[in-house]
file structure.csv (CSV, C-alpha atoms and all ligand atoms)
chain,number,residue,atom,x,y,z
A,4,MET,CA,28.3,-5.1,-13.1
A,5,ALA,CA,26.5,-5.4,-9.8
A,6,ASP,CA,24.7,-8.6,-9.1
A,7,THR,CA,21.1,-8.6,-10.2
A,8,VAL,CA,18.1,-10.2,-8.4
A,9,LYS,CA,15.8,-12.3,-10.6
A,10,PHE,CA,12.2,-11.4,-10.1
A,11,GLY,CA,8.9,-13.0,-11.1
A,12,ILE,CA,5.5,-11.3,-11.1
A,13,ILE,CA,2.3,-13.1,-9.9
A,14,GLY,CA,-0.8,-11.4,-11.4
A,15,CYS,CA,-0.3,-9.6,-14.7
A,16,GLY,CA,-3.1,-6.9,-14.3
A,17,MET,CA,-3.0,-3.2,-13.9
A,18,ILE,CA,-0.4,-2.8,-11.1
A,19,ALA,CA,1.9,-5.4,-12.6
A,20,GLU,CA,3.0,-2.8,-15.1
A,21,PHE,CA,4.3,-0.6,-12.3
A,22,HIS,CA,6.3,-3.5,-10.8
A,23,ARG,CA,7.7,-4.3,-14.3
A,24,THR,CA,8.8,-0.7,-14.8
A,25,GLY,CA,10.4,-0.7,-11.4
A,26,ILE,CA,12.3,-3.9,-12.2
A,27,GLU,CA,13.3,-2.6,-15.6
A,28,LYS,CA,14.6,0.7,-14.2
A,29,SER,CA,16.6,-0.9,-11.3
A,30,PRO,CA,20.2,-1.7,-12.1
A,31,VAL,CA,20.0,-4.6,-9.6
A,32,ALA,CA,16.8,-6.3,-10.7
A,33,GLU,CA,15.8,-8.4,-13.7
A,34,LEU,CA,12.4,-9.8,-14.8
A,35,LEU,CA,12.7,-13.6,-15.3
A,36,ALA,CA,9.1,-14.8,-15.3
A,37,VAL,CA,5.5,-13.8,-15.0
A,38,SER,CA,2.3,-15.8,-14.1
A,39,ASP,CA,-1.4,-15.2,-14.3
A,40,SER,CA,-4.3,-17.6,-13.7
A,41,VAL,CA,-6.2,-16.3,-16.8
A,42,PRO,CA,-5.1,-18.4,-19.7
A,43,GLY,CA,-2.8,-16.5,-22.1
A,44,ARG,CA,-2.5,-13.4,-20.0
A,45,ALA,CA,1.0,-14.1,-18.7
A,46,ALA,CA,2.2,-15.2,-22.1
A,47,GLU,CA,0.9,-12.0,-23.7
A,48,PHE,CA,2.6,-9.9,-21.0
A,49,ALA,CA,5.8,-11.8,-21.4
A,50,LYS,CA,5.7,-11.4,-25.2
A,51,LYS,CA,5.0,-7.7,-25.0
A,52,HIS,CA,7.9,-7.1,-22.6
A,53,GLY,CA,10.4,-9.8,-23.6
A,54,VAL,CA,10.1,-11.8,-20.4
A,55,PRO,CA,11.8,-15.2,-20.7
A,56,HIS,CA,9.2,-17.4,-18.9
A,57,ALA,CA,5.3,-17.3,-18.6
A,58,PHE,CA,3.1,-19.5,-16.5
A,59,GLU,CA,-0.6,-20.0,-15.8
A,60,ASP,CA,0.1,-21.6,-12.4
A,61,TYR,CA,2.4,-19.5,-10.1
A,62,ARG,CA,3.4,-22.8,-8.3
A,63,LYS,CA,5.2,-23.8,-11.5
A,64,MET,CA,7.0,-20.5,-11.7
A,65,LEU,CA,8.1,-20.9,-8.1
A,66,GLN,CA,9.9,-24.1,-9.2
A,67,LEU,CA,12.4,-22.0,-11.3
A,68,LYS,CA,15.7,-22.4,-9.4
A,69,GLU,CA,17.1,-19.0,-10.6
A,70,LEU,CA,14.0,-17.1,-9.4
A,71,GLN,CA,14.9,-15.2,-6.3
A,72,ALA,CA,12.0,-12.8,-5.6
A,73,VAL,CA,8.3,-12.4,-6.6
A,74,CYS,CA,6.0,-9.4,-6.8
A,75,ILE,CA,2.5,-10.2,-5.6
A,76,CYS,CA,0.1,-8.3,-7.9
A,77,THR,CA,-3.0,-10.5,-7.5
A,78,PRO,CA,-6.3,-9.3,-6.0
A,79,SER,CA,-6.0,-8.2,-2.4
A,80,GLY,CA,-7.6,-11.3,-0.8
A,81,LEU,CA,-5.2,-13.5,-2.9
A,82,HIS,CA,-2.0,-12.1,-1.6
A,83,ALA,CA,-1.1,-14.3,1.4
A,84,GLU,CA,-1.7,-17.6,-0.5
A,85,PRO,CA,0.9,-17.1,-3.3
A,86,ALA,CA,3.2,-15.1,-1.0
A,87,ILE,CA,3.3,-18.0,1.5
A,88,ALA,CA,3.9,-20.5,-1.3
A,89,ALA,CA,6.8,-18.2,-2.4
A,90,ALA,CA,8.2,-18.0,1.1
A,91,ASN,CA,8.0,-21.8,1.3
A,92,ALA,CA,9.9,-22.1,-2.0
A,93,GLY,CA,12.6,-19.8,-0.5
A,94,LYS,CA,11.7,-16.7,-2.6
A,95,HIS,CA,11.8,-13.2,-1.3
A,96,ILE,CA,8.5,-11.2,-1.6
A,97,LEU,CA,7.4,-7.7,-2.6
A,98,CYS,CA,3.7,-7.5,-1.8
A,99,GLU,CA,1.1,-5.0,-3.0
A,100,LYS,CA,-1.1,-3.3,-0.5
A,101,PRO,CA,-2.9,-4.5,1.5
A,102,LEU,CA,-0.7,-7.5,2.6
A,103,ASP,CA,-4.1,-9.4,2.6
A,104,VAL,CA,-7.5,-8.7,3.9
A,105,THR,CA,-7.6,-10.5,7.3
A,106,LEU,CA,-5.1,-10.4,10.1
A,107,GLU,CA,-5.2,-14.2,10.3
A,108,LYS,CA,-3.9,-14.5,6.7
A,109,ILE,CA,-1.4,-11.7,7.2
A,110,ASP,CA,-0.1,-13.4,10.4
A,111,ALA,CA,0.3,-16.7,8.5
A,112,LEU,CA,2.3,-14.9,5.9
A,113,LEU,CA,4.5,-13.2,8.5
A,114,GLU,CA,5.1,-16.5,10.1
A,115,ALA,CA,6.0,-18.2,6.8
A,116,VAL,CA,8.4,-15.4,6.1
A,117,ARG,CA,10.1,-15.8,9.5
A,118,ARG,CA,10.2,-19.6,9.2
A,119,ASN,CA,11.8,-19.6,5.8
A,120,GLY,CA,14.2,-16.7,6.4
A,121,VAL,CA,13.1,-14.7,3.4
A,122,LYS,CA,12.5,-11.0,3.1
A,123,LEU,CA,9.1,-9.4,2.8
A,124,GLY,CA,8.8,-5.8,1.5
A,125,ALA,CA,5.5,-4.0,1.2
A,126,ILE,CA,4.3,-1.4,-1.3
A,127,PHE,CA,3.0,1.8,0.3
A,128,GLN,CA,4.4,4.3,-2.2
A,129,SER,CA,3.5,7.5,-0.3
A,130,ARG,CA,6.0,6.7,2.4
A,131,VAL,CA,9.0,7.1,0.1
A,132,GLN,CA,8.0,10.4,-1.3
A,133,PRO,CA,10.7,12.9,-0.2
A,134,ASP,CA,8.2,15.4,1.3
A,135,CYS,CA,6.7,12.6,3.5
A,136,VAL,CA,10.1,11.5,4.6
A,137,ARG,CA,10.8,15.1,5.6
A,138,VAL,CA,7.7,15.3,7.7
A,139,LYS,CA,8.4,12.0,9.4
A,140,LYS,CA,11.9,13.2,10.3
A,141,ALA,CA,10.5,16.6,11.6
A,142,ILE,CA,7.9,14.8,13.8
A,143,ASP,CA,10.5,12.2,15.1
A,144,ASP,CA,12.9,15.1,15.8
A,145,GLY,CA,10.2,16.7,18.0
A,146,LEU,CA,9.7,19.8,15.8
A,147,LEU,CA,5.9,19.8,16.4
A,148,GLY,CA,6.2,18.7,20.0
A,149,ARG,CA,3.4,16.5,21.3
A,150,ILE,CA,0.9,15.7,18.6
A,151,LEU,CA,-2.5,17.0,19.6
A,152,GLN,CA,-4.7,16.5,16.5
A,153,ALA,CA,-4.1,14.7,13.2
A,154,ASP,CA,-6.7,14.3,10.5
A,155,LEU,CA,-6.7,12.3,7.3
A,156,ARG,CA,-9.1,12.9,4.4
A,157,THR,CA,-9.1,10.6,1.3
A,158,LYS,CA,-12.0,11.9,-0.8
A,159,TRP,CA,-11.5,10.0,-4.0
A,160,TYR,CA,-13.8,9.0,-6.8
A,161,ARG,CA,-14.4,5.7,-8.5
A,162,PRO,CA,-17.4,5.2,-10.9
A,163,GLN,CA,-19.5,2.1,-10.8
A,164,SER,CA,-17.7,1.0,-14.0
A,165,TYR,CA,-14.5,0.7,-12.0
A,166,TYR,CA,-16.1,-1.7,-9.6
A,167,ASP,CA,-17.7,-3.6,-12.5
A,168,SER,CA,-14.3,-3.9,-14.3
A,169,GLY,CA,-13.1,-6.9,-12.2
A,170,ALA,CA,-15.2,-9.5,-10.4
A,171,TRP,CA,-13.0,-9.1,-7.3
A,172,ARG,CA,-13.5,-5.4,-6.9
A,173,GLY,CA,-15.9,-4.2,-4.2
A,174,THR,CA,-16.2,-7.7,-2.7
A,175,PHE,CA,-15.4,-8.5,1.0
A,176,ALA,CA,-13.7,-11.8,0.1
A,177,LEU,CA,-11.2,-10.4,-2.4
A,178,ASP,CA,-11.1,-6.5,-2.0
A,179,GLY,CA,-11.5,-6.9,1.8
A,180,GLY,CA,-13.4,-3.6,2.0
A,181,GLY,CA,-13.9,-0.5,-0.1
A,182,CYS,CA,-12.8,3.1,0.2
A,183,LEU,CA,-10.6,2.3,3.2
A,184,MET,CA,-9.2,-1.1,2.4
A,185,ASN,CA,-8.5,-0.4,-1.2
A,186,GLN,CA,-8.0,3.4,-1.7
A,187,GLY,CA,-7.8,5.0,1.7
A,188,ILE,CA,-5.2,2.5,2.9
A,189,HIS,CA,-2.4,4.6,1.4
A,190,GLY,CA,-3.3,7.6,3.5
A,191,ILE,CA,-4.0,5.4,6.6
A,192,ASP,CA,-0.5,3.8,6.4
A,193,LEU,CA,1.1,7.2,6.0
A,194,TYR,CA,-1.0,8.7,8.8
A,195,GLN,CA,-0.1,6.0,11.3
A,196,TRP,CA,3.5,6.1,10.3
A,197,LEU,CA,3.7,9.8,10.9
A,198,VAL,CA,1.6,10.2,14.1
A,199,GLY,CA,0.7,6.6,15.2
A,200,PRO,CA,0.3,4.2,16.6
A,201,VAL,CA,-3.5,4.5,16.4
A,202,THR,CA,-4.7,2.8,19.6
A,203,ALA,CA,-8.5,3.0,19.3
A,204,VAL,CA,-11.1,3.9,16.7
A,205,TYR,CA,-14.8,4.8,16.7
A,206,GLY,CA,-16.0,4.4,13.2
A,207,LYS,CA,-19.0,4.5,11.0
A,208,VAL,CA,-18.9,3.2,7.4
A,209,ALA,CA,-21.6,3.1,4.7
A,210,THR,CA,-22.3,2.3,1.1
A,211,MET,CA,-23.8,5.5,-0.3
A,212,ASN,CA,-23.6,5.5,-4.1
A,213,HIS,CA,-22.3,2.2,-5.6
A,214,LYS,CA,-23.7,-1.2,-6.1
A,215,ILE,CA,-21.0,-3.0,-4.0
A,216,GLU,CA,-20.9,-5.0,-0.8
A,217,VAL,CA,-18.2,-2.9,0.7
A,218,GLU,CA,-18.1,0.7,2.0
A,219,ASP,CA,-17.7,3.8,-0.2
A,220,SER,CA,-17.9,6.3,2.7
A,221,ALA,CA,-16.1,6.1,6.1
A,222,TYR,CA,-15.5,8.2,9.1
A,223,ALA,CA,-13.6,7.3,12.3
A,224,ILE,CA,-12.4,9.2,15.4
A,225,CYS,CA,-9.0,8.0,16.3
A,226,GLU,CA,-6.9,7.9,19.5
A,227,LEU,CA,-3.2,8.1,19.2
A,228,GLU,CA,-0.7,6.5,21.5
A,229,GLY,CA,0.8,9.8,22.5
A,230,GLY,CA,-2.6,11.1,23.7
A,231,GLY,CA,-3.5,13.0,20.5
A,232,ARG,CA,-6.9,12.6,18.7
A,233,GLY,CA,-7.9,12.7,15.0
A,234,VAL,CA,-10.3,11.8,12.3
A,235,ILE,CA,-9.8,9.4,9.4
A,236,MET,CA,-12.2,9.7,6.6
A,237,GLY,CA,-12.4,8.0,3.2
A,238,SER,CA,-14.7,8.1,0.2
A,239,THR,CA,-14.9,6.9,-3.4
A,240,CYS,CA,-18.0,9.0,-3.9
A,241,ALA,CA,-16.3,12.4,-4.2
A,242,TYR,CA,-16.3,13.3,-7.9
A,243,PRO,CA,-13.8,14.1,-9.5
A,244,GLY,CA,-11.5,12.9,-6.6
A,245,PHE,CA,-9.6,15.3,-4.4
A,246,PRO,CA,-6.0,15.0,-3.2
A,247,THR,CA,-5.4,13.0,0.0
A,248,ARG,CA,-4.9,15.5,2.8
A,249,ILE,CA,-3.2,15.0,6.2
A,250,GLU,CA,-3.3,17.8,8.7
A,251,ILE,CA,-1.0,17.5,11.8
A,252,HIS,CA,-1.2,19.8,14.7
A,253,GLY,CA,1.3,19.7,17.6
A,254,GLU,CA,2.1,21.9,20.6
A,255,ASN,CA,4.6,23.8,18.5
A,256,GLY,CA,2.7,24.2,15.2
A,257,SER,CA,1.2,22.5,12.2
A,258,ILE,CA,2.3,20.7,9.0
A,259,CYS,CA,-0.1,19.7,6.2
A,260,LEU,CA,0.4,17.3,3.3
A,261,GLU,CA,-1.7,17.1,0.2
A,262,ASP,CA,-1.1,14.2,-2.2
A,263,ALA,CA,2.2,13.5,-0.4
A,264,ARG,CA,3.4,17.1,-0.9
A,265,ILE,CA,4.0,19.6,2.0
A,266,VAL,CA,1.4,22.3,1.5
A,267,SER,CA,1.9,24.1,4.8
A,268,TRP,CA,4.6,24.2,7.5
A,269,ASP,CA,4.1,26.6,10.4
A,270,ILE,CA,6.1,26.3,13.5
A,271,ILE,CA,5.6,28.9,16.3
A,272,GLY,CA,8.5,31.4,16.4
A,273,GLN,CA,10.4,29.8,13.4
A,274,GLU,CA,10.9,30.7,9.8
A,275,LYS,CA,10.2,28.0,7.2
A,276,PRO,CA,13.3,26.0,6.3
A,277,ALA,CA,15.1,27.9,3.5
A,278,ASP,CA,15.1,24.9,1.2
A,279,LEU,CA,11.4,24.1,1.6
A,280,GLN,CA,9.3,25.0,-1.4
A,281,ILE,CA,5.7,24.6,-0.3
A,282,GLY,CA,3.6,22.6,-2.7
A,283,SER,CA,6.5,21.8,-5.1
A,284,GLY,CA,7.0,18.1,-4.1
A,285,ALA,CA,6.0,15.2,-6.3
A,286,GLY,CA,2.5,13.8,-5.9
A,287,VAL,CA,1.4,10.2,-6.0
A,288,GLY,CA,-2.0,10.6,-7.7
A,289,GLY,CA,-4.9,8.1,-7.9
A,290,ALA,CA,-7.7,10.3,-6.6
A,291,GLY,CA,-9.8,10.0,-9.7
A,292,ASP,CA,-8.1,7.3,-11.7
A,293,PRO,CA,-6.3,4.2,-10.3
A,294,LYS,CA,-4.0,4.1,-13.3
A,295,ALA,CA,-3.0,7.8,-13.0
A,296,ILE,CA,-0.3,7.2,-10.3
A,297,SER,CA,3.3,8.0,-10.2
A,298,SER,CA,5.7,5.1,-10.7
A,299,TYR,CA,8.3,6.6,-8.5
A,300,GLY,CA,7.2,4.7,-5.4
A,301,HIS,CA,7.1,1.3,-7.1
A,302,GLU,CA,10.5,2.0,-8.7
A,303,THR,CA,12.0,2.9,-5.3
A,304,LEU,CA,10.5,0.0,-3.5
A,305,VAL,CA,11.4,-2.6,-6.1
A,306,ASP,CA,15.0,-1.4,-6.1
A,307,ASP,CA,15.0,-1.3,-2.3
A,308,LEU,CA,13.9,-5.0,-2.1
A,309,ALA,CA,16.6,-6.1,-4.6
A,310,ARG,CA,19.3,-4.2,-2.6
A,311,ALA,CA,17.9,-5.5,0.7
A,312,ILE,CA,18.4,-9.1,-0.7
A,313,LEU,CA,21.9,-8.3,-2.0
A,314,GLU,CA,23.0,-6.5,1.1
A,315,ASP,CA,21.1,-8.8,3.5
A,316,ARG,CA,19.3,-6.0,5.3
A,317,PRO,CA,15.6,-5.4,6.1
A,318,PRO,CA,13.5,-3.9,3.3
A,319,ARG,CA,12.3,-0.3,3.8
A,320,ILE,CA,8.7,-1.2,4.6
A,321,SER,CA,8.5,-4.5,6.5
A,322,GLY,CA,5.6,-6.9,6.7
A,323,GLU,CA,5.0,-6.0,10.3
A,324,GLU,CA,4.8,-2.3,9.4
A,325,ALA,CA,2.4,-3.0,6.6
A,326,ARG,CA,0.1,-5.0,8.8
A,327,ARG,CA,-0.7,-1.9,10.9
A,328,ALA,CA,-2.9,-0.2,8.3
A,329,VAL,CA,-5.0,-3.3,7.9
A,330,ALA,CA,-5.4,-3.6,11.7
A,331,ILE,CA,-6.7,0.0,11.8
A,332,ILE,CA,-9.1,-0.5,8.9
A,333,LEU,CA,-10.5,-3.8,10.3
A,334,ALA,CA,-11.0,-2.1,13.7
A,335,ILE,CA,-13.0,0.7,12.0
A,336,TYR,CA,-15.2,-1.9,10.3
A,337,GLN,CA,-15.7,-3.7,13.6
A,338,SER,CA,-16.5,-0.5,15.4
A,339,SER,CA,-19.0,0.5,12.8
A,340,ARG,CA,-20.7,-2.9,13.2
A,341,LEU,CA,-20.7,-2.8,17.0
A,342,GLY,CA,-21.6,0.9,17.3
A,343,GLN,CA,-18.8,1.3,19.9
A,344,PRO,CA,-15.1,2.1,20.0
A,345,VAL,CA,-12.6,-0.6,19.3
A,346,THR,CA,-9.0,-0.7,20.7
A,347,ILE,CA,-6.2,-2.0,18.5
A,348,ALA,CA,-3.5,-4.3,19.6
A,349,TYR,CA,-0.6,-4.7,17.2
B,401,LIG,N1,0.0,0.5,-4.9
B,401,LIG,C1,-1.0,1.0,-5.6
B,401,LIG,O1,-1.1,2.2,-5.8
B,401,LIG,C2,-2.0,0.0,-6.2
B,401,LIG,C3,-2.8,0.5,-7.3
B,401,LIG,C4,-3.7,-0.5,-7.8
B,401,LIG,C5,-3.8,-1.7,-7.3
B,401,LIG,N2,-3.0,-2.1,-6.3
B,401,LIG,C6,-3.1,-3.4,-5.7
B,401,LIG,O2,-2.7,-4.4,-6.6
B,401,LIG,C7,-3.4,-5.6,-6.5
B,401,LIG,C8,-4.0,-5.9,-7.9
B,401,LIG,O3,-4.7,-4.8,-8.4
B,401,LIG,P1,-4.9,-4.6,-10.0
B,401,LIG,O4,-5.6,-3.3,-10.1
B,401,LIG,O5,-3.6,-4.8,-10.7
B,401,LIG,O6,-5.9,-5.8,-10.3
B,401,LIG,P2,-6.2,-6.5,-11.7
B,401,LIG,O7,-7.5,-7.2,-11.6
B,401,LIG,O8,-5.9,-5.5,-12.8
B,401,LIG,O9,-5.0,-7.6,-11.8
B,401,LIG,C9,-5.0,-8.7,-11.0
B,401,LIG,C10,-4.4,-9.9,-11.8
B,401,LIG,O10,-4.2,-11.0,-11.0
B,401,LIG,C11,-4.6,-12.2,-11.7
B,401,LIG,N3,-4.8,-13.3,-10.8
B,401,LIG,C12,-5.9,-13.5,-10.0
B,401,LIG,N4,-5.7,-14.6,-9.3
B,401,LIG,C13,-4.5,-15.1,-9.6
B,401,LIG,C14,-3.8,-16.2,-9.2
B,401,LIG,N5,-4.2,-17.1,-8.3
B,401,LIG,N6,-2.5,-16.5,-9.7
B,401,LIG,C15,-2.0,-15.6,-10.7
B,401,LIG,N7,-2.7,-14.5,-11.1
B,401,LIG,C16,-3.9,-14.3,-10.6
B,401,LIG,C17,-5.8,-11.7,-12.5
B,401,LIG,O11,-6.1,-12.6,-13.6
B,401,LIG,C18,-5.4,-10.3,-12.9
B,401,LIG,O12,-4.7,-10.4,-14.2
B,401,LIG,C19,-4.5,-5.3,-5.5
B,401,LIG,O13,-4.2,-5.9,-4.3
B,401,LIG,C20,-4.6,-3.8,-5.4
B,401,LIG,O14,-4.9,-3.4,-4.1
B,401,LIG,C21,-2.1,-1.2,-5.7

call {"tool": "encode", "arguments": {"input": "structure.csv", "output": "structure tokens", "more": "lines below"}}
Ligand SMILES: NC(=O)c1ccc[n+]([C@@H]2O[C@H](COP(=O)([O-])OP(=O)(O)OC[C@H]3O[C@@H](n4cnc5c(N)ncnc54)[C@H](O)[C@@H]3O)[C@@H](O)[C@H]2O)c1
result
Amino acid sequence: MADTVKFGIIGCGMIAEFHRTGIEKSPVAELLAVSDSVPGRAAEFAKKHGVPHAFEDYRKMLQLKELQAVCICTPSGLHAEPAIAAANAGKHILCEKPLDVTLEKIDALLEAVRRNGVKLGAIFQSRVQPDCVRVKKAIDDGLLGRILQADLRTKWYRPQSYYDSGAWRGTFALDGGGCLMNQGIHGIDLYQWLVGPVTAVYGKVATMNHKIEVEDSAYAICELEGGGRGVIMGSTCAYPGFPTRIEIHGENGSICLEDARIVSWDIIGQEKPADLQIGSGAGVGGAGDPKAISSYGHETLVDDLARAILEDRPPRISGEEARRAVAIILAIYQSSRLGQPVTIAY
């Protein structure tokens, strides 16, 4: 049997179940311990799933010698703190999106990861969907030529009860933002991976229909490094929630994705690839219900981190890569506050 990597989970809430499933399905991963600061929550999770160890304080969990890696599943503004502690304890890390909610905290995490020689993988499940990988390759191979325009639309829906379901939701300190930092970040990461880097944004965000501190509506005009232009928009006001859509237009044609599926592929003077079945790819979900997401991405990325550790290679989505989406979102917020464009340095 292949070696297995022993994982712990920090934060036993909604998304922890997806990490647990990923660990369970991977032949090279094993769940050794869980922790949650709410008394009894980790013990309950451990009992339900037959996990050997449960802790209230993640620092105690990090003292387990056999523990090799941790999944960070705490609220977004509480990612860097346990992740840095994990890095300092010599544990590898798989961190939920966003890496954290400020670039200062993210940079402190990246520094701790470098200093301790551990691996940091990030969760952005759309990137590993086969249709998205296919579009990335097509763009990198030059199929579209120079990218002229690229637009991202994340018109999702969250009722007020979603924000009321956890004290951290919809707060600047712990959610870091609203429809961009929590929901739209999936599409923003995918967008910038496909057509970025995004070098400047001119944004306007607002809170239209929820009692929250953060935005539930956002628009930004973007400049791309290659000279192209585009629009990023996000919402959690759009009942019942519509699939995330990315439309990419280059000199040679256009490709569109909807919920991580290729829905159009039109290249001037070329037939569609024979093996491409438009609209048949797997989706990722989440537009109307945060729990209604595919577990494929988490399974793939948990397995990838375990193999990256065993093979001593970089994980598929690095910390430096995952920082980019947060930099774009924070620049949109800053632009909205200033009422002027903001350039982004990575
Ligand atoms: N990739 C995705 O599609 C996806 C989907 C949902 C959530 N997320 C991300 O996952 C993270 C968690 O979201 P959620 O919906 O699971 O939230 P949640 O509120 O359901 O769970 C968070 C858990 O962390 C625990 N916690 C808080 N502080 C802690 C600490 N210091 N130590 C240990 N445990 C602590 C809470 O008690 C809670 O059980 C967020 O960053 C969110 O952005 C990602």

call {"tool": "closest_residue", "arguments": {"input": "structure.csv", "among": "A:Ala241, A:Val345, A:Leu151, A:Ala311", "to": "Ile96 of chain A", "atoms": "all atoms listed in the file"}}
result
A:Ala311

call {"tool": "residues_near_ligand", "arguments": {"input": "structure.csv", "ligand": "ligand LIG 401 (chain B)", "cutoff": "6 Å", "atoms": "only C-alpha atoms and all ligand atoms", "output": "list in words"}}
result
Ile13, Gly14, Cys15, Gly16, Met17, Ile18, Ala19, Ser38, Asp39, Ser40, Val41, Tyr61, Cys76, Thr77, Pro78, Ser79, Glu99, Lys100, Ile126, Gly169, Asn185 and Pro293 of chain A

call {"tool": "atom_distance", "arguments": {"input": "structure.csv", "atom1": "atom CA of Phe127 of chain A", "atom2": "atom CA of Ser321 of chain A"}}
result
10.4 Å

call {"tool": "atom_distance", "arguments": {"input": "structure.csv", "atom1": "atom CA of Arg149 of chain A", "atom2": "atom CA of Glu254 of chain A"}}
result
5.6 Å

call {"tool": "closest_residue", "arguments": {"input": "structure.csv", "among": "A:Gln343, A:Thr24, A:Ser298, A:Gln71", "to": "Ala285 of chain A", "atoms": "all atoms listed in the file"}}
result
A:Ser298

call {"tool": "atom_distance", "arguments": {"input": "structure.csv", "atom1": "atom CA of Lys108 of chain A", "atom2": "atom CA of Ser168 of chain A"}}
result
25.7 Å

call {"tool": "closest_residue", "arguments": {"input": "structure.csv", "among": "A:Phe10, A:Trp196, A:Phe21, A:Trp268", "to": "Glu33 of chain A", "atoms": "only C-alpha atoms"}}
result
A:Phe10

call {"tool": "residues_around", "arguments": {"input": "structure.csv", "residues": "Leu65 of chain A", "least_positions_apart": "3", "cutoff": "10 Å", "atoms": "only C-alpha atoms", "output": "list in words"}}
result
Gly11, Ile13, Ala36, Ser38, Phe58, Asp60, Tyr61, Arg62, Lys68, Glu69, Leu70, Gln71, Ala72, Val73, Pro85, Ala88, Ala89, Ala90, Asn91, Ala92, Gly93 and Lys94 of chain A

call {"tool": "residues_around", "arguments": {"input": "structure.csv", "residues": "Glu228 of chain A", "least_positions_apart": "2", "cutoff": "10 Å", "atoms": "all atoms listed in the file", "output": "list of chain:residue names"}}
result
A:Ile150, A:Val198, A:Gly199, A:Pro200, A:Val201, A:Thr202, A:Ala203, A:Cys225, A:Glu226, A:Gly230, A:Gly231, A:Arg232

call {"tool": "closest_residue", "arguments": {"input": "structure.csv", "among": "A:Ile142, A:Met236, A:Gly256, A:Ile347", "to": "Glu274 of chain A", "atoms": "all atoms listed in the file"}}
result
A:Gly256

call {"tool": "decode", "arguments": {"input": "structure.csv", "residues": "segment 158-173 of chain A", "atoms": "C-alpha atoms", "output": "CSV table (one decimal), in the first residue's frame"}}
result
chain,number,residue,atom,x,y,z
A,158,LYS,CA,-25.0,36.5,-10.1
A,159,TRP,CA,-25.7,34.4,-7.0
A,160,TYR,CA,-28.3,34.5,-4.3
A,161,ARG,CA,-28.0,34.3,-0.6
A,162,PRO,CA,-31.0,35.1,1.7
A,163,GLN,CA,-30.6,37.2,4.8
A,164,SER,CA,-30.9,33.9,6.8
A,165,TYR,CA,-27.6,32.8,5.3
A,166,TYR,CA,-25.8,35.8,6.7
A,167,ASP,CA,-27.6,35.4,10.0
A,168,SER,CA,-26.6,31.7,10.3
A,169,GLY,CA,-23.0,32.5,11.5
A,170,ALA,CA,-21.8,35.6,13.4
A,171,TRP,CA,-18.8,35.8,11.1
A,172,ARG,CA,-20.8,35.9,7.9
A,173,GLY,CA,-21.1,39.3,6.2
